[in-house]
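Enquirer: Take a look at the following structure, please.
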Amino acid sequence: PELVPEGKQIYILSFAILASLVKAASSKVRRVSQSHDLLPRDVGNKLLNLELIQHFLERFGEEQSALKSDGNSPQAVQSIQTMVYSIRRLVVPCLLWNTESGLEEIRVFRRIMCIITTMWKIPFYRKNLKAELSLLVEHFVVHLLELGPQYLAFDQQFDNDGVQPVEVKYISKSLLTQQIAILADLKNWFGRGQNDLI
């Protein structure tokens with residue numbers, strides 16, 4: 001069947017939605033000047049847009065997996081490949097751009113892992129985005145797990161008798177919660193069946 005003009009408009013609208021979500025999700029997270037904490041409004045904006053990207057990828061991937069690729073017209077195949085290219089060139093760099101925010105805020109990291117999990121579970125993406133999935137898995141999974149357990153390091157200063165800690169200074173940021181999130185997602189990836197093995 002031929003791709004009707006309404007079908008072309010759907011792909012154009014889908015691209016516009018995806019591009020605006022990626023732009024908003026790629027925004028920088030500012031810090032509160034006094035405490036150096038992340039600005040809650042910026043974190044909330046990033047979380048919302050990453051969640052919407054995941055929803056977009058779920059719906060688009062399920063729709064494409066349900067379609068029979070044999071009966072599609074050349075126009076439809078070209079539109080689908082254009083969307084795959086758009087996902088490759090927009091979503092993957094957006095996730096990589098959010099690495100720093102994900103390491104600083106566990107909720108952002110979990111959203112990033114949810115997007116990677118969505119792309120892993122849907123056969124349409126596993127077929128069309130093999131190189132990108134391997135890049136994301138290496139960047140977000142392999143590198144963080146290679147570090148070994150990352151416990152929170154801190155330095156305590158005691159009062160004059162040496163009994164009560166007066167101040168606790170954190171030396172480094174713990175990545176243990178990110179590593180636990182990765183292990184939970186890996187369990188879901190490979191716990192489903194034979195089709196999920198590489």
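Residues are referred to by chain and number: the chain letter is A, B, ... according to the order shown in the structure tokens, the number counts from 1 in that chain, and ligands are numbered separately from 1 in the order shown.
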Need to verify the contact set: Asn128 (chain A), 10 Å, only C-alpha atoms, exclusion of same-chain residues closer than 2 positions in sequence. Can you return it as a ChimeraX atom specification?

Expert: /A:81,84-85,88,123-126,130-133

Enquirer: So that I have them on file, write out the residues from the current selection with N, CA, C and O atoms, as a CSV table (one decimal), in the first residue's frame.

Expert:
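The resulting file, out.csv, is shown below:
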chain,number,residue,atom,x,y,z
A,81,GLN,N,12.8,4.4,7.8
A,81,GLN,CA,14.3,4.6,8.0
A,81,GLN,C,14.7,6.0,8.3
A,81,GLN,O,15.7,6.1,9.1
A,84,VAL,N,14.2,6.2,12.0
A,84,VAL,CA,15.3,5.4,12.7
A,84,VAL,C,16.5,6.3,12.7
A,84,VAL,O,17.2,6.4,13.7
A,85,TYR,N,16.8,6.9,11.6
A,85,TYR,CA,18.0,7.8,11.5
A,85,TYR,C,17.8,9.0,12.5
A,85,TYR,O,18.8,9.4,13.2
A,88,ARG,N,18.5,7.7,15.9
A,88,ARG,CA,19.9,7.5,16.0
A,88,ARG,C,20.7,8.8,16.3
A,88,ARG,O,21.6,8.9,17.1
A,123,PRO,N,12.2,-5.4,19.6
A,123,PRO,CA,13.0,-6.0,18.5
A,123,PRO,C,13.3,-5.0,17.4
A,123,PRO,O,14.3,-5.1,16.7
A,124,PHE,N,12.4,-4.1,17.1
A,124,PHE,CA,12.6,-3.1,16.1
A,124,PHE,C,13.8,-2.3,16.3
A,124,PHE,O,14.6,-2.0,15.4
A,125,TYR,N,14.1,-1.8,17.5
A,125,TYR,CA,15.3,-1.1,17.8
A,125,TYR,C,16.5,-2.0,17.9
A,125,TYR,O,17.6,-1.6,17.4
A,126,ARG,N,16.3,-3.2,18.4
A,126,ARG,CA,17.5,-4.1,18.4
A,126,ARG,C,18.0,-4.4,17.0
A,126,ARG,O,19.2,-4.7,16.8
A,130,LYS,N,21.8,-1.4,16.3
A,130,LYS,CA,22.7,-2.3,17.0
A,130,LYS,C,24.0,-1.6,17.4
A,130,LYS,O,24.4,-1.8,18.6
A,131,ALA,N,24.6,-0.8,16.6
A,131,ALA,CA,25.8,-0.1,17.0
A,131,ALA,C,25.5,0.9,18.1
A,131,ALA,O,26.3,1.1,19.0
A,132,GLU,N,24.4,1.6,18.0
A,132,GLU,CA,24.1,2.6,19.0
A,132,GLU,C,23.8,1.9,20.4
A,132,GLU,O,24.2,2.5,21.4
A,133,LEU,N,23.1,0.8,20.3
A,133,LEU,CA,22.8,0.1,21.6
A,133,LEU,C,24.1,-0.4,22.2
A,133,LEU,O,24.3,-0.3,23.4

Enquirer: So, counting only C-alpha atoms, which residue among A:Pro149, A:Gly61, A:Gly102, A:Gly191 is closest to Lys28 (chain A)?

Expert: A:Gly102

Enquirer: Smallest atom-to-atom distance to Leu183 (chain A): which of A:Leu67, A:Leu103, A:Leu129, A:Met113, using only C-alpha atoms?

Expert: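 Under the stated criterion, the closest residue is A:Met113.
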
Enquirer: Please provide as a PyMOL selection string all residues within 8 Å of Ala25 (chain A), with the sequence filter that same-chain residues fewer than 2 positions apart are discarded (counting only C-alpha atoms).

Expert: chain A and resi 21-23+27+45-47+49-50+94

Enquirer: Only all heavy atoms, please: the residues just picked out, written as a compact mmCIF listing (two decimals), in the first residue's frame.

Expert:
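result.txt was written with the following content:
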# COMPACT_ATOMS: atom_id res chain seq x y z
N LEU A 21 11.36 17.26 22.29
CA LEU A 21 11.62 16.54 23.54
C LEU A 21 13.11 16.40 23.80
O LEU A 21 13.59 16.59 24.93
CB LEU A 21 10.96 15.17 23.52
CG LEU A 21 9.43 15.14 23.56
CD1 LEU A 21 8.93 13.71 23.40
CD2 LEU A 21 8.91 15.75 24.85
N VAL A 22 13.86 16.06 22.77
CA VAL A 22 15.31 15.90 22.91
C VAL A 22 15.96 17.23 23.26
O VAL A 22 16.85 17.29 24.11
CB VAL A 22 15.91 15.30 21.62
CG1 VAL A 22 17.42 15.44 21.59
CG2 VAL A 22 15.51 13.84 21.49
N LYS A 23 15.50 18.31 22.63
CA LYS A 23 16.05 19.63 22.93
C LYS A 23 15.83 19.99 24.40
O LYS A 23 16.74 20.46 25.08
CB LYS A 23 15.43 20.69 22.03
CG LYS A 23 15.98 22.07 22.28
CD LYS A 23 15.36 23.08 21.35
CE LYS A 23 15.92 24.47 21.64
NZ LYS A 23 15.30 25.48 20.81
N SER A 27 18.84 20.10 27.93
CA SER A 27 19.16 21.37 28.58
C SER A 27 20.05 21.13 29.80
O SER A 27 20.02 20.08 30.41
CB SER A 27 17.88 22.10 29.00
OG SER A 27 17.18 21.31 29.94
N ASN A 45 12.23 19.19 34.90
CA ASN A 45 12.07 19.35 33.46
C ASN A 45 12.80 18.23 32.71
O ASN A 45 12.26 17.65 31.77
CB ASN A 45 12.60 20.72 33.04
CG ASN A 45 12.46 20.97 31.56
OD1 ASN A 45 11.43 20.67 30.97
ND2 ASN A 45 13.50 21.53 30.96
N LYS A 46 14.01 17.94 33.13
CA LYS A 46 14.78 16.88 32.48
C LYS A 46 14.11 15.51 32.66
O LYS A 46 14.00 14.73 31.72
CB LYS A 46 16.21 16.86 33.03
CG LYS A 46 17.14 15.93 32.28
CD LYS A 46 18.55 16.08 32.76
CE LYS A 46 19.19 17.36 32.33
NZ LYS A 46 19.47 17.45 30.89
N LEU A 47 13.63 15.24 33.88
CA LEU A 47 12.97 13.96 34.15
C LEU A 47 11.72 13.80 33.29
O LEU A 47 11.47 12.73 32.73
CB LEU A 47 12.61 13.84 35.63
CG LEU A 47 13.77 13.69 36.60
CD1 LEU A 47 13.28 13.80 38.03
CD2 LEU A 47 14.50 12.38 36.38
N ASN A 49 10.98 15.23 30.39
CA ASN A 49 11.29 15.06 28.97
C ASN A 49 11.92 13.71 28.68
O ASN A 49 11.64 13.11 27.64
CB ASN A 49 12.17 16.21 28.49
CG ASN A 49 11.36 17.47 28.32
OD1 ASN A 49 10.54 17.56 27.43
ND2 ASN A 49 11.57 18.43 29.20
N LEU A 50 12.74 13.20 29.58
CA LEU A 50 13.28 11.85 29.38
C LEU A 50 12.17 10.81 29.45
O LEU A 50 12.15 9.85 28.67
CB LEU A 50 14.36 11.55 30.42
CG LEU A 50 15.69 12.29 30.24
CD1 LEU A 50 16.60 12.06 31.44
CD2 LEU A 50 16.38 11.87 28.95
N CYS A 94 21.54 12.63 22.99
CA CYS A 94 20.87 13.21 24.16
C CYS A 94 21.18 12.40 25.41
O CYS A 94 21.47 12.96 26.47
CB CYS A 94 19.36 13.25 23.92
SG CYS A 94 18.40 13.75 25.34

Enquirer: What parts of region 11-159 of chain A does DSSP call strand (DSSP E or B)? I'd like the answer as a PyMOL selection string.

Expert: chain A and resi 31+38+154-158

Enquirer: With distances taken over only C-alpha atoms, which of A:Arg110, A:His139, A:Lys127, A:Lys8 is nearest to Ile180 (chain A)?

Expert: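 The answer is A:Arg110, which sits nearest to Ile180 (chain A).
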
Enquirer: Mind giving me the straight-line distance from CA of Ile122 (chain A) to CA of Ile87 (chain A) in Å, one decimal?

Expert: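 Separation between CA of Ile122 (chain A) and CA of Ile87 (chain A): 13.9 Å.
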
Enquirer: Mind giving me the straight-line distance from CA of Leu13 (chain A) to CA of Glu63 (chain A) in Å, one decimal?

Expert: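 Distance reported for this atom pair: 15.6 Å.
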
Enquirer: Which residue is closest to Arg107 (chain A)? Choose from A:Leu186, A:Arg31, A:Gly44, A:Leu175 and count only C-alpha atoms.

Expert: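 The closest residue to Arg107 (chain A) is A:Gly44.
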